[in-house]
>>> print(open('model.cif').read())   # mmCIF, C-alpha atoms
data_entry
loop_
_atom_site.group_PDB
_atom_site.id
_atom_site.type_symbol
_atom_site.label_atom_id
_atom_site.label_comp_id
_atom_site.auth_asym_id
_atom_site.auth_seq_id
_atom_site.Cartn_x
_atom_site.Cartn_y
_atom_site.Cartn_z
ATOM 1 C CA MET A 1 -236.880 61.706 -6.015
ATOM 2 C CA PRO A 2 -233.121 62.303 -6.443
ATOM 3 C CA LYS A 3 -232.685 58.804 -7.852
ATOM 4 C CA LEU A 4 -235.471 59.384 -10.361
ATOM 5 C CA LYS A 5 -233.915 62.689 -11.435
ATOM 6 C CA LEU A 6 -230.556 60.982 -11.793
ATOM 7 C CA LYS A 7 -232.020 58.252 -13.982
ATOM 8 C CA LYS A 8 -233.769 60.836 -16.138
ATOM 9 C CA SER A 9 -230.546 62.824 -16.417
ATOM 10 C CA VAL A 10 -228.545 59.741 -17.423
ATOM 11 C CA LYS A 11 -231.180 58.779 -19.946
ATOM 12 C CA LYS A 12 -231.164 62.296 -21.345
ATOM 13 C CA TYR A 13 -227.372 62.320 -21.783
ATOM 14 C CA LEU A 14 -227.462 58.832 -23.253
ATOM 15 C CA ILE A 15 -229.945 59.942 -25.862
ATOM 16 C CA ILE A 16 -227.801 63.003 -26.630
ATOM 17 C CA PHE A 17 -224.737 60.762 -26.922
ATOM 18 C CA ILE A 18 -226.553 58.383 -29.276
ATOM 19 C CA ILE A 19 -227.762 61.284 -31.410
ATOM 20 C CA ILE A 20 -224.252 62.758 -31.569
ATOM 21 C CA PHE A 21 -222.819 59.328 -32.441
ATOM 22 C CA ILE A 22 -225.353 58.821 -35.202
ATOM 23 C CA LEU A 23 -224.679 62.306 -36.572
ATOM 24 C CA LEU A 24 -220.955 61.592 -36.416
ATOM 25 C CA ILE A 25 -221.388 58.355 -38.369
ATOM 26 C CA ILE A 26 -223.551 60.138 -40.923
ATOM 27 C CA GLY A 27 -220.991 62.923 -41.157
ATOM 28 C CA ILE A 28 -218.103 60.520 -41.648
ATOM 29 C CA LYS A 29 -220.040 58.677 -44.354
ATOM 30 C CA ALA A 30 -220.921 61.992 -45.996
ATOM 31 C CA ILE A 31 -217.268 63.055 -45.978
ATOM 32 C CA LYS A 32 -216.195 59.681 -47.404
ATOM 33 C CA THR A 33 -218.896 59.915 -50.070
ATOM 34 C CA TYR A 34 -217.838 63.472 -50.920
ATOM 35 C CA LYS A 35 -214.196 62.442 -51.136
ATOM 36 C CA TYR A 36 -215.045 59.433 -53.295
ATOM 37 C CA HIS A 37 -217.060 61.644 -55.617
ATOM 38 C CA GLN A 38 -213.895 63.668 -56.167
ATOM 39 C CA THR A 39 -211.897 60.616 -57.276
ATOM 40 C CA TYR A 40 -211.150 59.743 -60.863
ATOM 41 C CA GLU A 41 -212.684 56.328 -60.272
ATOM 42 C CA TYR A 42 -216.095 57.805 -59.484
ATOM 43 C CA LYS A 43 -215.917 60.435 -62.222
ATOM 44 C CA LEU A 44 -214.870 57.905 -64.854
ATOM 45 C CA LEU A 45 -217.647 55.556 -63.773
ATOM 46 C CA GLN A 46 -220.100 58.375 -64.471
ATOM 47 C CA ILE A 47 -219.051 58.427 -68.137
ATOM 48 C CA ASN A 48 -219.407 54.661 -68.404
ATOM 49 C CA TYR A 49 -215.844 53.401 -67.969
ATOM 50 C CA LYS A 50 -215.718 50.026 -66.230
ATOM 51 C CA LEU A 51 -213.627 49.382 -63.122
ATOM 52 C CA ASP A 52 -211.074 47.266 -64.978
ATOM 53 C CA GLU A 53 -210.714 50.010 -67.589
ATOM 54 C CA ILE A 54 -210.398 52.668 -64.881
ATOM 55 C CA LYS A 55 -207.599 50.715 -63.231
ATOM 56 C CA ILE A 56 -205.677 50.841 -66.528
ATOM 57 C CA LEU A 57 -206.435 54.533 -67.106
ATOM 58 C CA THR A 58 -205.383 55.692 -63.641
ATOM 59 C CA SER A 59 -202.202 53.630 -63.694
ATOM 60 C CA LYS A 60 -201.097 54.821 -67.144
ATOM 61 C CA LEU A 61 -202.302 58.444 -67.350
ATOM 62 C CA ASP A 62 -201.335 61.460 -65.278
ATOM 63 C CA ASN A 63 -203.882 63.933 -63.884
ATOM 64 C CA LYS A 64 -203.640 66.204 -66.913
ATOM 65 C CA TYR A 65 -204.704 63.442 -69.286
ATOM 66 C CA LEU A 66 -207.356 62.141 -66.887
ATOM 67 C CA ASP A 67 -208.887 65.606 -66.554
ATOM 68 C CA ASP A 68 -208.947 65.912 -70.315
ATOM 69 C CA LEU A 69 -210.521 62.459 -70.575
ATOM 70 C CA LEU A 70 -213.370 63.566 -68.302
ATOM 71 C CA THR A 71 -214.366 66.225 -70.829
ATOM 72 C CA LYS A 72 -214.904 63.615 -73.544
ATOM 73 C CA GLU A 73 -217.331 60.811 -74.192
ATOM 74 C CA TYR A 74 -216.567 57.214 -73.268
ATOM 75 C CA ASN A 75 -214.108 55.597 -75.671
ATOM 76 C CA SER A 76 -213.368 51.898 -75.218
ATOM 77 C CA ASN A 77 -210.274 52.188 -77.427
ATOM 78 C CA ILE A 78 -208.344 54.321 -74.951
ATOM 79 C CA PRO A 79 -207.765 51.694 -72.223
ATOM 80 C CA LYS A 80 -207.089 49.118 -74.944
ATOM 81 C CA LEU A 81 -204.475 51.368 -76.519
ATOM 82 C CA LEU A 82 -202.794 51.863 -73.168
ATOM 83 C CA THR A 83 -202.111 48.131 -72.917
ATOM 84 C CA GLU A 84 -200.392 47.936 -76.312
ATOM 85 C CA LYS A 85 -196.676 47.179 -75.916
ATOM 86 C CA TYR A 86 -195.454 50.089 -78.021
ATOM 87 C CA PHE A 87 -198.030 52.643 -76.866
ATOM 88 C CA MET A 88 -196.628 56.175 -76.598
ATOM 89 C CA LEU A 89 -198.607 58.643 -74.516
ATOM 90 C CA LYS A 90 -197.575 61.607 -76.646
ATOM 91 C CA ASN A 91 -199.341 59.975 -79.618
ATOM 92 C CA LEU A 92 -202.673 59.244 -77.914
ATOM 93 C CA ASP A 93 -204.700 61.854 -79.803
ATOM 94 C CA ARG A 94 -203.098 60.800 -83.078
ATOM 95 C CA TYR A 95 -203.971 57.145 -82.411
ATOM 96 C CA LEU A 96 -207.611 58.059 -81.820
ATOM 97 C CA ASN A 97 -207.753 60.217 -84.929
ATOM 98 C CA PHE A 98 -206.176 57.446 -87.028
ATOM 99 C CA ILE A 99 -208.640 54.905 -85.631
ATOM 100 C CA SER A 100 -211.541 57.101 -86.721
ATOM 101 C CA LYS A 101 -210.192 57.023 -90.283
ATOM 102 C CA ASN A 102 -209.210 53.338 -90.195
ATOM 103 C CA PRO A 103 -211.786 51.569 -87.974
ATOM 104 C CA ASP A 104 -210.970 48.110 -89.344
ATOM 105 C CA LYS A 105 -207.268 48.166 -88.474
ATOM 106 C CA ALA A 106 -206.018 46.273 -85.426
ATOM 107 C CA LEU A 107 -204.936 48.509 -82.561
ATOM 108 C CA SER A 108 -201.421 47.073 -82.668
ATOM 109 C CA ASP A 109 -201.185 48.200 -86.299
ATOM 110 C CA ILE A 110 -202.598 51.612 -85.416
ATOM 111 C CA VAL A 111 -199.927 52.083 -82.749
ATOM 112 C CA ALA A 112 -197.107 50.888 -85.011
ATOM 113 C CA LEU A 113 -198.145 53.085 -87.933
ATOM 114 C CA VAL A 114 -198.690 56.253 -85.933
ATOM 115 C CA ASN A 115 -195.445 55.778 -84.006
ATOM 116 C CA VAL A 116 -193.505 55.898 -87.282
ATOM 117 C CA ASN A 117 -195.576 58.840 -88.580
ATOM 118 C CA ARG A 118 -197.538 56.924 -91.191
ATOM 119 C CA ASP A 119 -200.625 58.916 -90.257
ATOM 120 C CA ARG A 120 -198.905 61.752 -92.125
ATOM 121 C CA ASP A 121 -197.977 62.040 -95.787
ATOM 122 C CA PHE A 122 -194.427 61.205 -96.831
ATOM 123 C CA TYR A 123 -192.056 64.156 -96.489
ATOM 124 C CA GLU A 124 -194.722 66.081 -94.555
ATOM 125 C CA GLU A 125 -193.395 67.830 -91.437
ATOM 126 C CA LEU A 126 -189.859 66.608 -92.133
ATOM 127 C CA GLU A 127 -187.654 66.570 -89.049
ATOM 128 C CA THR A 128 -183.915 67.035 -89.256
ATOM 129 C CA THR A 129 -182.099 63.785 -88.504
ATOM 130 C CA ASP A 130 -180.405 63.726 -85.105
ATOM 131 C CA THR A 131 -176.906 62.951 -86.336
ATOM 132 C CA SER A 132 -175.566 63.066 -82.770
ATOM 133 C CA LYS A 133 -176.869 59.510 -82.432
ATOM 134 C CA GLY A 134 -174.129 58.352 -84.789
ATOM 135 C CA SER A 135 -174.755 54.889 -86.210
ATOM 136 C CA ALA A 136 -178.190 54.932 -84.522
ATOM 137 C CA MET A 137 -179.392 57.987 -86.474
ATOM 138 C CA LEU A 138 -182.689 57.592 -88.313
ATOM 139 C CA VAL A 139 -183.010 58.662 -91.938
ATOM 140 C CA ASN A 140 -186.301 58.063 -93.726
ATOM 141 C CA LYS A 141 -189.218 59.903 -95.311
ATOM 142 C CA TYR A 142 -189.882 61.782 -92.069
ATOM 143 C CA HIS A 143 -186.308 62.346 -90.823
ATOM 144 C CA ALA A 144 -183.899 63.890 -93.322
ATOM 145 C CA LEU A 145 -180.268 64.896 -93.450
ATOM 146 C CA SER A 146 -179.532 68.510 -94.293
ATOM 147 C CA LYS A 147 -178.115 69.267 -97.725
ATOM 148 C CA ASP A 148 -174.774 70.267 -96.224
ATOM 149 C CA TYR A 149 -174.420 67.126 -94.057
ATOM 150 C CA GLU A 150 -170.944 65.658 -94.392
ATOM 151 C CA CYS A 151 -170.515 61.966 -93.716
ATOM 152 C CA GLU A 152 -167.511 61.264 -91.495
ATOM 153 C CA ASP A 153 -164.873 58.543 -91.715
ATOM 154 C CA ILE A 154 -165.675 57.479 -95.263
ATOM 155 C CA VAL A 155 -163.198 54.938 -96.641
ATOM 156 C CA LYS A 156 -162.824 53.129 -99.930
ATOM 157 C CA VAL A 157 -164.165 49.584 -100.184
ATOM 158 C CA SER A 158 -161.693 47.015 -101.463
ATOM 159 C CA THR A 159 -162.780 45.069 -104.552
ATOM 160 C CA THR A 160 -162.443 42.004 -102.343
ATOM 161 C CA TYR A 161 -165.612 43.136 -100.541
ATOM 162 C CA GLY A 162 -167.484 45.163 -103.132
ATOM 163 C CA TYR A 163 -167.727 46.463 -106.640
ATOM 164 C CA SER A 164 -165.244 49.075 -107.803
ATOM 165 C CA GLY A 165 -165.829 52.636 -106.625
ATOM 166 C CA MET A 166 -167.677 51.791 -103.427
ATOM 167 C CA SER A 167 -167.045 53.667 -100.164
ATOM 168 C CA LEU A 168 -168.461 53.326 -96.661
ATOM 169 C CA ASN A 169 -168.193 54.582 -93.093
ATOM 170 C CA LYS A 170 -165.063 52.989 -91.603
ATOM 171 C CA GLU A 171 -166.809 51.385 -88.611
ATOM 172 C CA ALA A 172 -169.507 49.952 -90.863
ATOM 173 C CA TYR A 173 -166.890 48.760 -93.347
ATOM 174 C CA ASP A 174 -164.799 47.023 -90.696
ATOM 175 C CA ALA A 175 -167.944 45.263 -89.461
ATOM 176 C CA PHE A 176 -168.883 44.216 -93.006
ATOM 177 C CA LYS A 177 -165.433 42.751 -93.610
ATOM 178 C CA ARG A 178 -165.863 40.537 -90.538
ATOM 179 C CA LEU A 179 -169.333 39.576 -91.782
ATOM 180 C CA ALA A 180 -168.142 38.777 -95.304
ATOM 181 C CA ASP A 181 -165.131 36.801 -94.072
ATOM 182 C CA ASP A 182 -167.309 34.643 -91.817
ATOM 183 C CA ALA A 183 -169.907 34.179 -94.566
ATOM 184 C CA LYS A 184 -167.116 33.034 -96.877
ATOM 185 C CA LYS A 185 -166.166 30.341 -94.349
ATOM 186 C CA ASP A 186 -169.733 29.060 -94.602
ATOM 187 C CA GLY A 187 -169.598 29.068 -98.403
ATOM 188 C CA TYR A 188 -171.222 32.428 -99.243
ATOM 189 C CA THR A 189 -169.476 35.257 -101.065
ATOM 190 C CA ILE A 190 -171.473 38.359 -100.082
ATOM 191 C CA VAL A 191 -170.337 41.631 -101.667
ATOM 192 C CA ILE A 192 -171.399 45.272 -101.670
ATOM 193 C CA LEU A 193 -173.221 46.518 -104.773
ATOM 194 C CA SER A 194 -174.025 50.013 -103.539
ATOM 195 C CA SER A 195 -172.969 52.027 -100.510
ATOM 196 C CA TYR A 196 -172.306 55.691 -99.765
ATOM 197 C CA ARG A 197 -173.994 58.281 -101.975
ATOM 198 C CA THR A 198 -173.749 62.042 -101.933
ATOM 199 C CA TYR A 199 -176.813 64.274 -101.650
ATOM 200 C CA GLU A 200 -176.349 65.303 -105.278
ATOM 201 C CA TYR A 201 -176.117 61.715 -106.499
ATOM 202 C CA GLN A 202 -179.252 60.717 -104.591
ATOM 203 C CA ASP A 203 -181.119 63.705 -105.960
ATOM 204 C CA LYS A 204 -180.243 62.691 -109.520
ATOM 205 C CA LEU A 205 -181.198 59.065 -108.831
ATOM 206 C CA TRP A 206 -184.640 59.993 -107.496
ATOM 207 C CA THR A 207 -185.266 62.629 -110.160
ATOM 208 C CA ASP A 208 -184.432 60.211 -112.985
ATOM 209 C CA ARG A 209 -186.817 57.615 -111.546
ATOM 210 C CA LYS A 210 -189.528 60.230 -111.079
ATOM 211 C CA ASN A 211 -189.169 61.306 -114.713
ATOM 212 C CA GLN A 212 -189.428 57.672 -115.846
ATOM 213 C CA LYS A 213 -192.159 56.325 -113.570
ATOM 214 C CA GLY A 214 -193.758 59.249 -111.734
ATOM 215 C CA ILE A 215 -193.504 60.491 -108.160
ATOM 216 C CA GLU A 216 -195.428 57.609 -106.553
ATOM 217 C CA LYS A 217 -193.212 54.916 -108.077
ATOM 218 C CA ALA A 218 -190.087 56.960 -107.431
ATOM 219 C CA ASP A 219 -190.978 57.272 -103.745
ATOM 220 C CA ALA A 220 -191.682 53.541 -103.494
ATOM 221 C CA TYR A 221 -188.276 52.556 -104.843
ATOM 222 C CA ALA A 222 -185.969 55.418 -103.890
ATOM 223 C CA ALA A 223 -185.653 58.148 -101.304
ATOM 224 C CA ARG A 224 -185.605 61.817 -102.060
ATOM 225 C CA ALA A 225 -182.274 63.537 -101.477
ATOM 226 C CA GLY A 226 -181.636 63.926 -97.753
ATOM 227 C CA SER A 227 -183.855 60.980 -96.895
ATOM 228 C CA SER A 228 -181.668 58.165 -98.216
ATOM 229 C CA GLU A 229 -179.775 56.011 -95.721
ATOM 230 C CA HIS A 230 -177.008 55.698 -98.279
ATOM 231 C CA GLU A 231 -176.129 59.332 -97.560
ATOM 232 C CA THR A 232 -175.137 58.327 -94.015
ATOM 233 C CA GLY A 233 -172.408 55.985 -95.231
ATOM 234 C CA LEU A 234 -173.989 53.316 -93.040
ATOM 235 C CA ALA A 235 -176.208 51.569 -95.607
ATOM 236 C CA ILE A 236 -175.303 48.938 -98.177
ATOM 237 C CA ASP A 237 -176.973 46.966 -100.931
ATOM 238 C CA VAL A 238 -175.507 43.477 -101.183
ATOM 239 C CA ALA A 239 -175.508 40.455 -103.465
ATOM 240 C CA ASP A 240 -174.057 36.978 -103.631
ATOM 241 C CA TYR A 241 -171.080 37.275 -105.950
ATOM 242 C CA ASN A 242 -171.742 33.833 -107.410
ATOM 243 C CA ASN A 243 -175.510 34.382 -107.746
ATOM 244 C CA PRO A 244 -175.977 38.152 -108.153
ATOM 245 C CA ILE A 245 -179.622 37.992 -109.307
ATOM 246 C CA ASN A 246 -182.621 37.826 -106.937
ATOM 247 C CA PHE A 247 -180.687 37.980 -103.682
ATOM 248 C CA GLY A 248 -183.826 37.248 -101.650
ATOM 249 C CA GLU A 249 -184.025 33.799 -103.239
ATOM 250 C CA GLN A 250 -180.428 32.841 -102.469
ATOM 251 C CA GLU A 251 -179.139 30.806 -99.520
ATOM 252 C CA SER A 252 -176.775 33.676 -98.797
ATOM 253 C CA TYR A 253 -179.847 35.800 -98.021
ATOM 254 C CA THR A 254 -180.927 33.301 -95.383
ATOM 255 C CA TRP A 255 -177.429 33.452 -93.940
ATOM 256 C CA MET A 256 -177.693 37.255 -93.739
ATOM 257 C CA LEU A 257 -181.066 37.104 -92.009
ATOM 258 C CA ASN A 258 -179.708 34.724 -89.393
ATOM 259 C CA ASN A 259 -176.335 36.353 -88.841
ATOM 260 C CA SER A 260 -176.075 39.986 -90.003
ATOM 261 C CA TYR A 261 -177.236 41.432 -86.666
ATOM 262 C CA LYS A 262 -174.225 39.853 -84.943
ATOM 263 C CA TYR A 263 -172.040 42.229 -86.943
ATOM 264 C CA GLY A 264 -174.280 45.259 -86.453
ATOM 265 C CA TYR A 265 -176.349 45.038 -89.648
ATOM 266 C CA ILE A 266 -180.140 44.799 -89.967
ATOM 267 C CA LEU A 267 -182.385 44.099 -92.928
ATOM 268 C CA ARG A 268 -183.772 47.595 -93.285
ATOM 269 C CA TYR A 269 -186.885 47.073 -95.414
ATOM 270 C CA PRO A 270 -188.275 43.603 -94.583
ATOM 271 C CA GLN A 271 -191.118 41.828 -96.324
ATOM 272 C CA GLY A 272 -194.543 42.523 -94.842
ATOM 273 C CA LYS A 273 -193.412 45.805 -93.287
ATOM 274 C CA GLU A 274 -193.912 48.043 -96.308
ATOM 275 C CA ASP A 275 -196.564 50.121 -94.519
ATOM 276 C CA ILE A 276 -194.131 50.758 -91.690
ATOM 277 C CA THR A 277 -190.937 51.527 -93.616
ATOM 278 C CA GLY A 278 -192.572 53.283 -96.549
ATOM 279 C CA TYR A 279 -190.547 51.195 -98.989
ATOM 280 C CA ASP A 280 -191.130 48.066 -100.994
ATOM 281 C CA TYR A 281 -189.403 44.961 -99.641
ATOM 282 C CA GLU A 282 -185.654 45.060 -100.347
ATOM 283 C CA ALA A 283 -183.895 41.794 -99.546
ATOM 284 C CA TRP A 284 -180.541 43.352 -100.417
ATOM 285 C CA HIS A 285 -180.608 46.559 -98.345
ATOM 286 C CA TYR A 286 -178.846 46.433 -94.982
ATOM 287 C CA ARG A 287 -178.111 49.152 -92.484
ATOM 288 C CA TYR A 288 -175.310 49.301 -89.947
ATOM 289 C CA VAL A 289 -176.483 50.318 -86.457
ATOM 290 C CA GLY A 290 -173.857 48.590 -84.294
ATOM 291 C CA ALA A 291 -173.933 45.078 -82.873
ATOM 292 C CA ASP A 292 -175.685 45.925 -79.587
ATOM 293 C CA LEU A 293 -178.518 47.845 -81.206
ATOM 294 C CA ALA A 294 -178.851 45.389 -84.098
ATOM 295 C CA THR A 295 -179.207 42.521 -81.604
ATOM 296 C CA LYS A 296 -181.941 44.379 -79.712
ATOM 297 C CA ILE A 297 -183.848 45.132 -82.918
ATOM 298 C CA HIS A 298 -183.457 41.519 -84.045
ATOM 299 C CA ASN A 299 -184.749 40.212 -80.708
ATOM 300 C CA GLU A 300 -187.716 42.604 -80.731
ATOM 301 C CA GLY A 301 -188.676 41.486 -84.232
ATOM 302 C CA ILE A 302 -189.572 45.005 -85.351
ATOM 303 C CA THR A 303 -188.214 47.472 -87.889
ATOM 304 C CA PHE A 304 -185.582 50.076 -87.117
ATOM 305 C CA ASP A 305 -188.211 52.797 -87.582
ATOM 306 C CA GLU A 306 -190.356 51.279 -84.834
ATOM 307 C CA TYR A 307 -187.436 50.655 -82.509
ATOM 308 C CA TYR A 308 -186.030 54.136 -82.944
ATOM 309 C CA GLU A 309 -189.300 55.958 -82.280
ATOM 310 C CA PHE A 310 -190.197 53.912 -79.199
ATOM 311 C CA TYR A 311 -186.844 53.361 -77.548
ATOM 312 C CA LEU A 312 -184.611 56.180 -78.812
ATOM 313 C CA ASN A 313 -186.999 59.062 -79.514
ATOM 314 C CA ASN A 314 -189.812 58.550 -76.979
#
>>> encode(input="model.cif", output="C-alpha cells")
Amino acid sequence: MPKLKLKKSVKKYLIIFIIIFILLIIGIKAIKTYKYHQTYEYKLLQINYKLDEIKILTSKLDNKYLDDLLTKEYNSNIPKLLTEKYFMLKNLDRYLNFISKNPDKALSDIVALVNVNRDRDFYEELETTDTSKGSAMLVNKYHALSKDYECEDIVKVSTTYGYSGMSLNKEAYDAFKRLADDAKKDGYTIVILSSYRTYEYQDKLWTDRKNQKGIEKADAYAARAGSSEHETGLAIDVADYNNPINFGEQESYTWMLNNSYKYGYILRYPQGKEDITGYDYEAWHYRYVGADLATKIHNEGITFDEYYEFYLNN
C-alpha cells in the first residue's frame, strides 16, 4: 500500500509539474506576442508596410515620426523617399504634399526641388541670408540680403582683369586673378564684365527689366534687390576678351567648366538646372565660394542651392 500511494503521489506531482510547465510556456509565448504587438514592426505591418520597407522606416525615423506614421494610411513613397541621397527629414511632409501635386515627377526631382524651396513661390517666405557663413552664404529668391547689408573688403578690379569700373570682394578678386593668369597661359583671356552691385543698382536693374518685359521675364533674368549674388561682391559675369559674344559657345567656357572650381568659383546657373536655381542658364555667371567648397560642389555634381541646403543648412 505505501508503494502504491507513493506512485500515485509522484504521478500527481508530475501531472502538476507538466501543467505548470505548459502554462509557463503559454505565458511566455503570450508575453512575447504581447511585446511583439507593441513593436513598430507589428504595427506597421498592420497598415500594410512590407518588412523591407519597415526596416528602412525604423532605421531612418525616430519614434515621433513613427508614431505619426501609424496614424496615417500606407504610403509607398515614404520608404522610397528615405533612401534618396539628399533626403531631409524636416522636409518629409513637404515632399509628400509636392508629390500629390506632381505625381509624374521622379522622387529624386521631388527631393531636389523641395530642398531648395521650389514648392513655394519665388520670394515667398523670404529668409534673411546668413552672412556669417562668409563666402559660403546663400543669396537667391528664397534667401535675401537686408537692404542695409554692407559688403566687406570690396576692391577695385584692374582693367587687366575686367572692364573699367568693376569692383569685387578682395578674396574673390585675388582668386580670380590666379584663375585668369592660368587661363592666359592656356591661351584664354577671361575677363570680368560685371561684378559687385549695390542694392540700389540691383533694384533699378530689376525694375527696368520688369517695366520692359513684365515681372515673370524680369524674375527669370534678374534678381530682385536683396536677392542678387552680385550684392555679395562674390559673383562675377565673365567673357572671353577676344570672343566676347556667346561665352557658352567659346573654348574658354569649357576651360572654366573644367578649372574654375580649383580657384573657388562655380558655374552658378548651369544648363538643365533652371528648375532648381530659378534662373535661366547663364554660362557667364560664376560665384566665388572658396576652393574647398567649390571642389566639393563640383565633385557632387549639384548646384550650390542644393549643396547649401543639404550640407550647410540641414
>>> resolve_selection(input="model.cif", expression="the PyMOL selection byres ((chain A and resi 303) around 8)", output="MDAnalysis selection string")
chainID A and resid 268:270 273 276:277 297 301:302 304:307
>>> resolve_selection(input="model.cif", expression="the PyMOL selection byres ((chain A and resi 259) around 12)", output="list in words")
Phe176, Arg178, Leu179, Ala180, Asp182, Ala183, Asp186, Ser252, Tyr253, Thr254, Trp255, Met256, Leu257, Asn258, Ser260, Tyr261, Lys262, Tyr263, Gly264, Tyr265, Ile266, Leu267, Ala291, Ala294, Thr295 and His298 of chain A
>>> resolve_selection(input="model.cif", expression="the PyMOL selection byres ((chain A and resi 119-123) around 8)", output="list in words")
Arg94, Phe98, Leu113, Val114, Asn117, Arg118, Glu124, Glu125, Leu126, Lys141 and Tyr142 of chain A
>>> atom_distance(input="model.cif", atom1="CA of Asp104 (chain A)", atom2="CA of Leu61 (chain A)")
25.8 Å
>>> atom_distance(input="model.cif", atom1="CA of Glu152 (chain A)", atom2="CA of Gly233 (chain A)")
8.1 Å
>>> atom_distance(input="model.cif", atom1="CA of Glu41 (chain A)", atom2="CA of Leu69 (chain A)")
12.2 Å
>>> residues_near_point(input="model.cif", point="(-165.1, 55.8, -100.7)", cutoff="9 Å", atoms="only C-alpha atoms", output="JSON, numbers by chain")
{"A": [154, 155, 156, 157, 165, 166, 167, 168, 169, 195, 196]}
>>> closest_atom_pairs(input="model.cif", of="region 95-212 of chain A", to="region 75-89 of chain A", cutoff="7 Å", atoms="only C-alpha atoms", output="JSON lines")
{"residue": "A:Leu107", "atom": "CA", "partner": "A:Leu81", "partner_atom": "CA", "distance": 6.7}
{"residue": "A:Ser108", "atom": "CA", "partner": "A:Glu84", "partner_atom": "CA", "distance": 6.5}
{"residue": "A:Val111", "atom": "CA", "partner": "A:Phe87", "partner_atom": "CA", "distance": 6.2}
>>> closest_residue(input="model.cif", among="A:Ile192, A:Leu312, A:Val289, A:Ile16", to="Gly134 (chain A)", atoms="all atoms listed in the file")
A:Val289
>>> build_atoms(input="model.cif", residues="region 175-187 of chain A", atoms="N, CA and C atoms", output="tab-separated table (two decimals), in the coordinates of the input")
chain	number	residue	atom	x	y	z
A	175	ALA	N	-166.96	46.27	-89.88
A	175	ALA	CA	-167.94	45.26	-89.46
A	175	ALA	C	-168.34	44.38	-90.65
A	176	PHE	N	-168.50	45.01	-91.83
A	176	PHE	CA	-168.88	44.22	-93.01
A	176	PHE	C	-167.77	43.24	-93.39
A	177	LYS	N	-166.53	43.66	-93.27
A	177	LYS	CA	-165.43	42.75	-93.61
A	177	LYS	C	-165.46	41.50	-92.73
A	178	ARG	N	-165.75	41.70	-91.44
A	178	ARG	CA	-165.86	40.54	-90.54
A	178	ARG	C	-167.03	39.66	-90.96
A	179	LEU	N	-168.14	40.30	-91.33
A	179	LEU	CA	-169.33	39.58	-91.78
A	179	LEU	C	-169.02	38.77	-93.04
A	180	ALA	N	-168.43	39.43	-94.03
A	180	ALA	CA	-168.14	38.78	-95.30
A	180	ALA	C	-167.14	37.63	-95.14
A	181	ASP	N	-166.14	37.84	-94.30
A	181	ASP	CA	-165.13	36.80	-94.07
A	181	ASP	C	-165.77	35.56	-93.44
A	182	ASP	N	-166.66	35.79	-92.47
A	182	ASP	CA	-167.31	34.64	-91.82
A	182	ASP	C	-168.31	33.97	-92.75
A	183	ALA	N	-168.98	34.76	-93.59
A	183	ALA	CA	-169.91	34.18	-94.57
A	183	ALA	C	-169.13	33.31	-95.55
A	184	LYS	N	-167.96	33.78	-95.92
A	184	LYS	CA	-167.12	33.03	-96.88
A	184	LYS	C	-166.75	31.67	-96.30
A	185	LYS	N	-166.50	31.61	-94.99
A	185	LYS	CA	-166.17	30.34	-94.35
A	185	LYS	C	-167.33	29.36	-94.44
A	186	ASP	N	-168.54	29.91	-94.49
A	186	ASP	CA	-169.73	29.06	-94.60
A	186	ASP	C	-170.14	28.82	-96.05
A	187	GLY	N	-169.34	29.34	-96.99
A	187	GLY	CA	-169.60	29.07	-98.40
A	187	GLY	C	-170.35	30.15	-99.16
